[in-house]
Amino acid sequence: MRIRATVAALTGALALSALAVPSAQAATAPVLSKVTVNGGKAIVLGTTVPKTVTVSVTASHASGIATGWAVLWHGTSLEKGMDGALVPAQEATCKNASATTATCSLTLTVDPRADLTSNALAGSWHVLAGAEAKDRSSTSYDSFATTRVQRLSKLTVNAAPEPVKEGRTITVTGKLTRANWEKHAYAGYTVQPVKLQFRKKTSTAYTTVKTIKSSSTGALKTTVKASVDGYWRYSFAGTSTTPAVTTTGDYVDVR
């Protein structure tokens, strides 16, 4: 597998670098203090459009920091249980905060068609990260931090009829879908709790009216009584593999 070979080559090179450093220097290896992926936000991918992500590695050493690195990988073990990896295409660009501390930034492009070949890749990913000091000592962690890679979600709403007489029934329909990376299409997200919310025309805040579950196809349907003019919307809180999503309000004129 190409991704496994890439990560293996990287970790092997780091190991050789560490062996080349005298033991006195190795005892004072760089210290990693922070690793940030995508500004701290989950990496959300649809079915076709690639996304560029920035990873920053902050480290310190008495001699200064020469470079840093990071690789995102998915699985139970870097050596035997890895089933996905996202590797930067270029070396890091480092910015010194002081003579001893620097933040090194890398960019990687995630292509759902090439890099995310299974829906099982959605969820928590490990961040392999490390740094090399100017005296050539280095440090590396197989999993210094974690980040989330998620399947893009979509949600629709339609409240009808509109206009409607006061006291009559309004039917609110919609659909919750998410990216299927295996079929490169959107499919219903089934049996998920979704909130129906309402905002009066004269108000700025939505309140939850009820919670329903999506059907076996991701469809949503419920009924309410018409009372006052206002906006109806659906709101999904999200899961570990799928981000939260809320529709815009659908206005209903009550007469």
# chains A, B, ... in the order shown; residues from 1 in each chain; ligands from 1
call {"tool": "residues_around", "arguments": {"residues": "Arg178 (chain A)", "least_positions_apart": "5", "cutoff": "8 Å", "atoms": "only C-alpha atoms", "output": "list in words"}}
result
Gly46, Arg151, Leu152, Ser153, Lys154, Tyr186, Ala187, Gly188, Tyr189 and Thr242 of chain A
call {"tool": "residues_around", "arguments": {"residues": "Pro50 (chain A)", "least_positions_apart": "3", "cutoff": "9 Å", "atoms": "only C-alpha atoms", "output": "number ranges by chain"}}
result
A: 45-47, 109-113
call {"tool": "write_last_selection", "arguments": {"atoms": "N, CA and C atoms", "output": "PDB file, in the first residue's frame"}}
result
ATOM      1  N   LEU A  45     -15.278  16.234   4.629  1.00  0.00           N
ATOM      2  CA  LEU A  45     -15.168  15.992   3.189  1.00  0.00           C
ATOM      3  C   LEU A  45     -16.480  15.512   2.598  1.00  0.00           C
ATOM      4  N   GLY A  46     -16.782  16.041   1.415  1.00  0.00           N
ATOM      5  CA  GLY A  46     -17.924  15.564   0.651  1.00  0.00           C
ATOM      6  C   GLY A  46     -17.526  14.379  -0.198  1.00  0.00           C
ATOM      7  N   THR A  47     -18.027  14.334  -1.416  1.00  0.00           N
ATOM      8  CA  THR A  47     -17.793  13.161  -2.269  1.00  0.00           C
ATOM      9  C   THR A  47     -16.765  13.382  -3.365  1.00  0.00           C
ATOM     10  N   THR A 109      -3.330  17.886   1.191  1.00  0.00           N
ATOM     11  CA  THR A 109      -4.593  17.921   0.452  1.00  0.00           C
ATOM     12  C   THR A 109      -5.280  16.572   0.572  1.00  0.00           C
ATOM     13  N   VAL A 110      -6.535  16.619   1.019  1.00  0.00           N
ATOM     14  CA  VAL A 110      -7.325  15.397   1.176  1.00  0.00           C
ATOM     15  C   VAL A 110      -8.307  15.300   0.015  1.00  0.00           C
ATOM     16  N   ASP A 111      -8.165  14.250  -0.774  1.00  0.00           N
ATOM     17  CA  ASP A 111      -9.053  14.013  -1.907  1.00  0.00           C
ATOM     18  C   ASP A 111      -9.962  12.844  -1.562  1.00  0.00           C
ATOM     19  N   PRO A 112     -11.272  13.078  -1.427  1.00  0.00           N
ATOM     20  CA  PRO A 112     -12.158  11.981  -1.027  1.00  0.00           C
ATOM     21  C   PRO A 112     -12.160  10.808  -1.999  1.00  0.00           C
ATOM     22  N   ARG A 113     -11.861  11.059  -3.251  1.00  0.00           N
ATOM     23  CA  ARG A 113     -11.850   9.969  -4.227  1.00  0.00           C
ATOM     24  C   ARG A 113     -10.583   9.126  -4.145  1.00  0.00           C
TER      25      ARG A 113
END
call {"tool": "select_by_dssp", "arguments": {"residues": "region 18-241 of chain A", "states": "strand (DSSP E or B)", "output": "PyMOL selection string"}}
result
chain A and resi 31-37+43-45+51-60+65-75+82-86+93-96+101-110+123-133+138-151+153-160+164+169-180+185-188+193-200+207-213+219-225+230-236
call {"tool": "residues_around", "arguments": {"residues": "region 158-166 of chain A", "least_positions_apart": "4", "cutoff": "6 Å", "atoms": "only C-alpha atoms", "output": "list in words"}}
result
Ile170, Thr171, Val172, Thr173, Ala226, Ser227, Val252, Asp253, Val254 and Arg255 of chain A
call {"tool": "residues_around", "arguments": {"residues": "region 61-71 of chain A", "least_positions_apart": "4", "cutoff": "7 Å", "atoms": "only C-alpha atoms", "output": "JSON list (two decimals) with N, CA, C and O atoms, in the first residue's frame"}}
result
[["chain", "number", "residue", "atom", "x", "y", "z"],
["A", 30, "PRO", "N", 14.37, 17.82, 21.14],
["A", 30, "PRO", "CA", 13.35, 18.87, 21.08],
["A", 30, "PRO", "C", 12.10, 18.47, 21.85],
["A", 30, "PRO", "O", 11.76, 17.28, 21.95],
["A", 31, "VAL", "N", 11.41, 19.45, 22.37],
["A", 31, "VAL", "CA", 10.17, 19.22, 23.11],
["A", 31, "VAL", "C", 9.00, 19.74, 22.30],
["A", 31, "VAL", "O", 8.95, 20.93, 21.97],
["A", 57, "VAL", "N", 3.04, 22.46, 13.97],
["A", 57, "VAL", "CA", 3.77, 21.76, 15.02],
["A", 57, "VAL", "C", 4.65, 22.77, 15.75],
["A", 57, "VAL", "O", 5.50, 23.40, 15.12],
["A", 86, "LEU", "N", -2.60, 10.41, 5.55],
["A", 86, "LEU", "CA", -2.60, 11.67, 4.82],
["A", 86, "LEU", "C", -1.24, 12.31, 5.05],
["A", 86, "LEU", "O", -0.90, 12.69, 6.19],
["A", 87, "VAL", "N", -0.46, 12.43, 3.98],
["A", 87, "VAL", "CA", 0.93, 12.85, 4.08],
["A", 87, "VAL", "C", 1.14, 14.19, 3.37],
["A", 87, "VAL", "O", 0.71, 14.35, 2.23],
["A", 88, "PRO", "N", 1.79, 15.16, 4.01],
["A", 88, "PRO", "CA", 2.07, 16.45, 3.35],
["A", 88, "PRO", "C", 2.93, 16.24, 2.10],
["A", 88, "PRO", "O", 3.79, 15.36, 2.06],
["A", 92, "ALA", "N", 7.99, 21.34, 5.77],
["A", 92, "ALA", "CA", 7.38, 22.37, 6.61],
["A", 92, "ALA", "C", 8.05, 23.73, 6.43],
["A", 92, "ALA", "O", 9.22, 23.84, 6.08],
["A", 94, "CYS", "N", 8.85, 26.92, 8.79],
["A", 94, "CYS", "CA", 8.92, 27.21, 10.21],
["A", 94, "CYS", "C", 9.05, 28.70, 10.49],
["A", 94, "CYS", "O", 9.76, 29.42, 9.79],
["A", 99, "ALA", "N", 14.41, 32.39, 19.95],
["A", 99, "ALA", "CA", 15.61, 31.70, 19.51],
["A", 99, "ALA", "C", 15.51, 30.19, 19.74],
["A", 99, "ALA", "O", 16.22, 29.41, 19.11],
["A", 100, "THR", "N", 14.61, 29.78, 20.62],
["A", 100, "THR", "CA", 14.50, 28.37, 20.97],
["A", 100, "THR", "C", 13.20, 27.70, 20.54],
["A", 100, "THR", "O", 13.11, 26.47, 20.53],
["A", 101, "THR", "N", 12.21, 28.48, 20.19],
["A", 101, "THR", "CA", 10.88, 27.93, 19.88],
["A", 101, "THR", "C", 10.42, 28.34, 18.49],
["A", 101, "THR", "O", 10.61, 29.48, 18.07],
["A", 102, "ALA", "N", 9.81, 27.39, 17.79],
["A", 102, "ALA", "CA", 9.30, 27.67, 16.44],
["A", 102, "ALA", "C", 8.03, 26.87, 16.20],
["A", 102, "ALA", "O", 7.83, 25.81, 16.79],
["A", 104, "CYS", "N", 6.16, 25.09, 13.07],
["A", 104, "CYS", "CA", 6.36, 24.63, 11.69],
["A", 104, "CYS", "C", 5.02, 24.24, 11.09],
["A", 104, "CYS", "O", 4.28, 23.44, 11.68],
["A", 127, "VAL", "N", -2.33, 11.69, 14.92],
["A", 127, "VAL", "CA", -1.39, 12.64, 14.33],
["A", 127, "VAL", "C", 0.02, 12.26, 14.74],
["A", 127, "VAL", "O", 0.43, 12.44, 15.90],
["A", 128, "LEU", "N", 0.77, 11.68, 13.80],
["A", 128, "LEU", "CA", 2.20, 11.45, 14.02],
["A", 128, "LEU", "C", 2.88, 12.79, 13.88],
["A", 128, "LEU", "O", 2.68, 13.49, 12.87],
["A", 129, "ALA", "N", 3.68, 13.19, 14.86],
["A", 129, "ALA", "CA", 4.31, 14.51, 14.81],
["A", 129, "ALA", "C", 5.69, 14.46, 15.43],
["A", 129, "ALA", "O", 5.97, 13.65, 16.33],
["A", 130, "GLY", "N", 6.57, 15.33, 14.93],
["A", 130, "GLY", "CA", 7.91, 15.39, 15.48],
["A", 130, "GLY", "C", 8.63, 16.66, 15.04],
["A", 130, "GLY", "O", 8.09, 17.46, 14.27],
["A", 131, "ALA", "N", 9.84, 16.82, 15.53],
["A", 131, "ALA", "CA", 10.63, 18.00, 15.19],
["A", 131, "ALA", "C", 12.11, 17.66, 15.25],
["A", 131, "ALA", "O", 12.52, 16.74, 15.97],
["A", 132, "GLU", "N", 12.90, 18.42, 14.50],
["A", 132, "GLU", "CA", 14.36, 18.29, 14.52],
["A", 132, "GLU", "C", 14.97, 19.63, 14.91],
["A", 132, "GLU", "O", 14.56, 20.67, 14.39],
["A", 133, "ALA", "N", 15.90, 19.59, 15.86],
["A", 133, "ALA", "CA", 16.57, 20.80, 16.32],
["A", 133, "ALA", "C", 17.73, 21.14, 15.39],
["A", 133, "ALA", "O", 18.14, 20.33, 14.55],
["A", 134, "LYS", "N", 18.25, 22.33, 15.54],
["A", 134, "LYS", "CA", 19.37, 22.76, 14.70],
["A", 134, "LYS", "C", 20.65, 21.99, 14.99],
["A", 134, "LYS", "O", 21.58, 21.98, 14.18],
["A", 135, "ASP", "N", 20.71, 21.34, 16.17],
["A", 135, "ASP", "CA", 21.88, 20.50, 16.45],
["A", 135, "ASP", "C", 21.68, 19.07, 15.95],
["A", 135, "ASP", "O", 22.45, 18.18, 16.26]]
call {"tool": "residues_around", "arguments": {"residues": "Leu176 (chain A)", "least_positions_apart": "6", "cutoff": "12 Å", "atoms": "only C-alpha atoms", "output": "PyMOL selection string"}}
result
chain A and resi 152-157+186-195+212-221+234-238+242-247
call {"tool": "residues_around", "arguments": {"residues": "Lys201 (chain A)", "least_positions_apart": "3", "cutoff": "7 Å", "atoms": "only C-alpha atoms", "output": "ChimeraX atom specification"}}
result
/A:229-231
call {"tool": "residues_around", "arguments": {"residues": "Ser77 (chain A)", "least_positions_apart": "3", "cutoff": "10 Å", "atoms": "only C-alpha atoms", "output": "ChimeraX atom specification"}}
result
/A:73-74,80-83,126,142-143
call {"tool": "write_last_selection", "arguments": {"atoms": "N, CA and C atoms", "output": "mmCIF file, in the first residue's frame"}}
result
data_model
loop_
_atom_site.group_PDB
_atom_site.id
_atom_site.type_symbol
_atom_site.label_atom_id
_atom_site.label_comp_id
_atom_site.auth_asym_id
_atom_site.auth_seq_id
_atom_site.Cartn_x
_atom_site.Cartn_y
_atom_site.Cartn_z
ATOM 1 N N TRP A 73 -2.849 9.579 10.381
ATOM 2 C CA TRP A 73 -3.064 8.173 10.034
ATOM 3 C C TRP A 73 -4.240 7.596 10.808
ATOM 4 N N HIS A 74 -4.878 6.599 10.196
ATOM 5 C CA HIS A 74 -6.073 5.971 10.760
ATOM 6 C C HIS A 74 -5.810 4.491 10.990
ATOM 7 N N LYS A 80 1.098 -2.178 12.043
ATOM 8 C CA LYS A 80 0.322 -3.302 11.543
ATOM 9 C C LYS A 80 -1.151 -2.997 11.272
ATOM 10 N N GLY A 81 -1.705 -1.990 11.938
ATOM 11 C CA GLY A 81 -3.136 -1.786 11.822
ATOM 12 C C GLY A 81 -3.543 -0.498 11.149
ATOM 13 N N MET A 82 -2.695 0.080 10.308
ATOM 14 C CA MET A 82 -3.015 1.335 9.641
ATOM 15 C C MET A 82 -3.776 1.070 8.344
ATOM 16 N N ASP A 83 -4.906 1.748 8.158
ATOM 17 C CA ASP A 83 -5.670 1.577 6.923
ATOM 18 C C ASP A 83 -5.895 2.889 6.177
ATOM 19 N N HIS A 126 -5.145 9.581 14.117
ATOM 20 C CA HIS A 126 -3.951 9.901 14.905
ATOM 21 C C HIS A 126 -3.094 10.915 14.164
ATOM 22 N N ASP A 142 4.312 8.712 17.605
ATOM 23 C CA ASP A 142 3.390 8.052 16.678
ATOM 24 C C ASP A 142 1.998 8.670 16.736
ATOM 25 N N SER A 143 1.573 9.094 17.936
ATOM 26 C CA SER A 143 0.245 9.684 18.094
ATOM 27 C C SER A 143 0.313 10.780 19.150
#
call {"tool": "atom_distance", "arguments": {"atom1": "CA of Asn96 (chain A)", "atom2": "CA of Ser140 (chain A)"}}
result
19.6 Å
call {"tool": "closest_residue", "arguments": {"among": "A:Val53, A:Leu106, A:Ala114, A:Ala145", "to": "Leu32 (chain A)", "atoms": "only C-alpha atoms"}}
result
A:Ala145
call {"tool": "atom_distance", "arguments": {"atom1": "CA of Asn119 (chain A)", "atom2": "CA of Thr248 (chain A)"}}
result
27.7 Å
call {"tool": "select_by_dssp", "arguments": {"residues": "region 2-215 of chain A", "states": "helix (DSSP H, G or I)", "output": "list in words"}}
result
Arg2, Ile3, Arg4, Ala5, Thr6, Val7, Ala8, Ala9, Leu10, Thr11, Gly12, Ala13, Leu14, Ala15, Leu16, Ser17, Ala18, Leu19, Ser23, Ala24, Gln25, Ala26, Asn38, Gly39, Gly40, Asn119, Ala120 and Leu121 of chain A
call {"tool": "atom_distance", "arguments": {"atom1": "CA of Thr241 (chain A)", "atom2": "CA of Ser56 (chain A)"}}
result
23.2 Å
call {"tool": "closest_residue", "arguments": {"among": "A:Ser33, A:Gln197, A:Ser98, A:Thr117", "to": "Lys210 (chain A)", "atoms": "only C-alpha atoms"}}
result
A:Gln197
call {"tool": "decode", "arguments": {"residues": "region 116-164 of chain A", "atoms": "N, CA and C atoms", "output": "compact mmCIF listing (two decimals), in the first residue's frame"}}
result
# COMPACT_ATOMS: atom_id res chain seq x y z
N LEU A 116 -9.92 8.69 0.69
CA LEU A 116 -10.96 8.18 1.57
C LEU A 116 -11.80 7.16 0.80
N THR A 117 -11.26 5.97 0.70
CA THR A 117 -11.88 4.92 -0.12
C THR A 117 -12.89 4.08 0.65
N SER A 118 -13.02 4.33 1.96
CA SER A 118 -13.95 3.57 2.78
C SER A 118 -14.66 4.50 3.75
N ASN A 119 -15.94 4.26 3.96
CA ASN A 119 -16.69 5.05 4.95
C ASN A 119 -16.19 4.79 6.36
N ALA A 120 -15.52 3.66 6.56
CA ALA A 120 -14.98 3.32 7.88
C ALA A 120 -13.85 4.25 8.28
N LEU A 121 -13.34 5.04 7.35
CA LEU A 121 -12.26 5.98 7.66
C LEU A 121 -12.77 7.23 8.36
N ALA A 122 -14.08 7.40 8.44
CA ALA A 122 -14.64 8.55 9.15
C ALA A 122 -14.48 8.34 10.66
N GLY A 123 -14.11 9.42 11.35
CA GLY A 123 -13.94 9.34 12.80
C GLY A 123 -12.60 9.88 13.24
N SER A 124 -12.05 9.29 14.28
CA SER A 124 -10.82 9.77 14.89
C SER A 124 -9.58 9.30 14.12
N TRP A 125 -8.65 10.23 13.86
CA TRP A 125 -7.37 9.93 13.24
C TRP A 125 -6.25 10.33 14.19
N HIS A 126 -5.15 9.58 14.12
CA HIS A 126 -3.95 9.90 14.90
C HIS A 126 -3.09 10.91 14.16
N VAL A 127 -2.33 11.69 14.92
CA VAL A 127 -1.39 12.64 14.33
C VAL A 127 0.02 12.26 14.74
N LEU A 128 0.77 11.68 13.80
CA LEU A 128 2.20 11.45 14.02
C LEU A 128 2.88 12.79 13.88
N ALA A 129 3.68 13.19 14.86
CA ALA A 129 4.31 14.51 14.81
C ALA A 129 5.69 14.46 15.43
N GLY A 130 6.57 15.33 14.93
CA GLY A 130 7.91 15.39 15.48
C GLY A 130 8.63 16.66 15.04
N ALA A 131 9.84 16.82 15.53
CA ALA A 131 10.63 18.00 15.19
C ALA A 131 12.11 17.66 15.25
N GLU A 132 12.90 18.42 14.50
CA GLU A 132 14.36 18.29 14.52
C GLU A 132 14.97 19.63 14.91
N ALA A 133 15.90 19.59 15.86
CA ALA A 133 16.57 20.80 16.32
C ALA A 133 17.73 21.14 15.39
N LYS A 134 18.25 22.33 15.54
CA LYS A 134 19.37 22.76 14.70
C LYS A 134 20.65 21.99 14.99
N ASP A 135 20.71 21.34 16.17
CA ASP A 135 21.88 20.50 16.45
C ASP A 135 21.68 19.07 15.95
N ARG A 136 20.56 18.86 15.20
CA ARG A 136 20.21 17.60 14.55
C ARG A 136 19.60 16.57 15.49
N SER A 137 19.41 16.89 16.75
CA SER A 137 18.66 15.98 17.61
C SER A 137 17.19 16.05 17.20
N SER A 138 16.46 14.99 17.45
CA SER A 138 15.07 14.95 17.00
C SER A 138 14.20 14.17 17.96
N THR A 139 12.91 14.38 17.83
CA THR A 139 11.92 13.64 18.61
C THR A 139 10.70 13.40 17.75
N SER A 140 10.02 12.30 18.00
CA SER A 140 8.84 11.97 17.20
C SER A 140 7.87 11.13 18.03
N TYR A 141 6.58 11.36 17.80
CA TYR A 141 5.53 10.61 18.49
C TYR A 141 4.60 10.00 17.45
N ASP A 142 4.31 8.71 17.60
CA ASP A 142 3.39 8.05 16.68
C ASP A 142 2.00 8.67 16.74
N SER A 143 1.57 9.09 17.94
CA SER A 143 0.24 9.68 18.09
C SER A 143 0.31 10.78 19.15
N PHE A 144 0.81 11.95 18.73
CA PHE A 144 0.91 13.08 19.66
C PHE A 144 -0.45 13.69 19.94
N ALA A 145 -1.34 13.61 18.96
CA ALA A 145 -2.68 14.18 19.09
C ALA A 145 -3.63 13.40 18.20
N THR A 146 -4.90 13.76 18.24
CA THR A 146 -5.90 13.17 17.35
C THR A 146 -6.71 14.28 16.70
N THR A 147 -7.31 13.94 15.58
CA THR A 147 -8.21 14.86 14.89
C THR A 147 -9.36 14.04 14.31
N ARG A 148 -10.38 14.71 13.82
CA ARG A 148 -11.52 14.00 13.24
C ARG A 148 -11.62 14.27 11.74
N VAL A 149 -11.92 13.21 11.00
CA VAL A 149 -12.23 13.31 9.58
C VAL A 149 -13.68 12.85 9.44
N GLN A 150 -14.53 13.72 8.89
CA GLN A 150 -15.96 13.44 8.89
C GLN A 150 -16.58 13.47 7.49
N ARG A 151 -17.72 12.79 7.37
CA ARG A 151 -18.48 12.74 6.13
C ARG A 151 -19.47 13.91 6.11
N LEU A 152 -19.36 14.78 5.10
CA LEU A 152 -20.19 15.97 5.01
C LEU A 152 -21.67 15.61 5.07
N SER A 153 -22.43 16.37 5.87
CA SER A 153 -23.86 16.13 6.01
C SER A 153 -24.66 17.24 5.34
N LYS A 154 -25.86 16.89 4.89
CA LYS A 154 -26.78 17.85 4.30
C LYS A 154 -28.17 17.63 4.88
N LEU A 155 -28.95 18.70 4.98
CA LEU A 155 -30.27 18.63 5.60
C LEU A 155 -31.20 19.59 4.88
N THR A 156 -32.42 19.15 4.62
CA THR A 156 -33.42 20.00 3.95
C THR A 156 -34.67 20.11 4.81
N VAL A 157 -35.50 21.12 4.52
CA VAL A 157 -36.77 21.29 5.22
C VAL A 157 -37.79 21.92 4.29
N ASN A 158 -39.03 21.54 4.46
CA ASN A 158 -40.14 22.17 3.73
C ASN A 158 -41.38 22.08 4.61
N ALA A 159 -41.91 23.25 4.95
CA ALA A 159 -43.15 23.31 5.75
C ALA A 159 -44.30 23.71 4.84
N ALA A 160 -45.39 22.95 4.85
CA ALA A 160 -46.51 23.20 3.95
C ALA A 160 -47.82 22.78 4.62
N PRO A 161 -48.96 23.35 4.20
CA PRO A 161 -49.08 24.35 3.13
C PRO A 161 -48.69 25.74 3.63
N GLU A 162 -48.48 26.61 2.69
CA GLU A 162 -48.18 28.00 3.01
C GLU A 162 -48.80 28.89 1.92
N PRO A 163 -49.67 29.82 2.30
CA PRO A 163 -50.11 30.12 3.67
C PRO A 163 -51.04 29.03 4.20
N VAL A 164 -51.35 29.14 5.52
CA VAL A 164 -52.21 28.16 6.16
C VAL A 164 -53.13 28.88 7.15
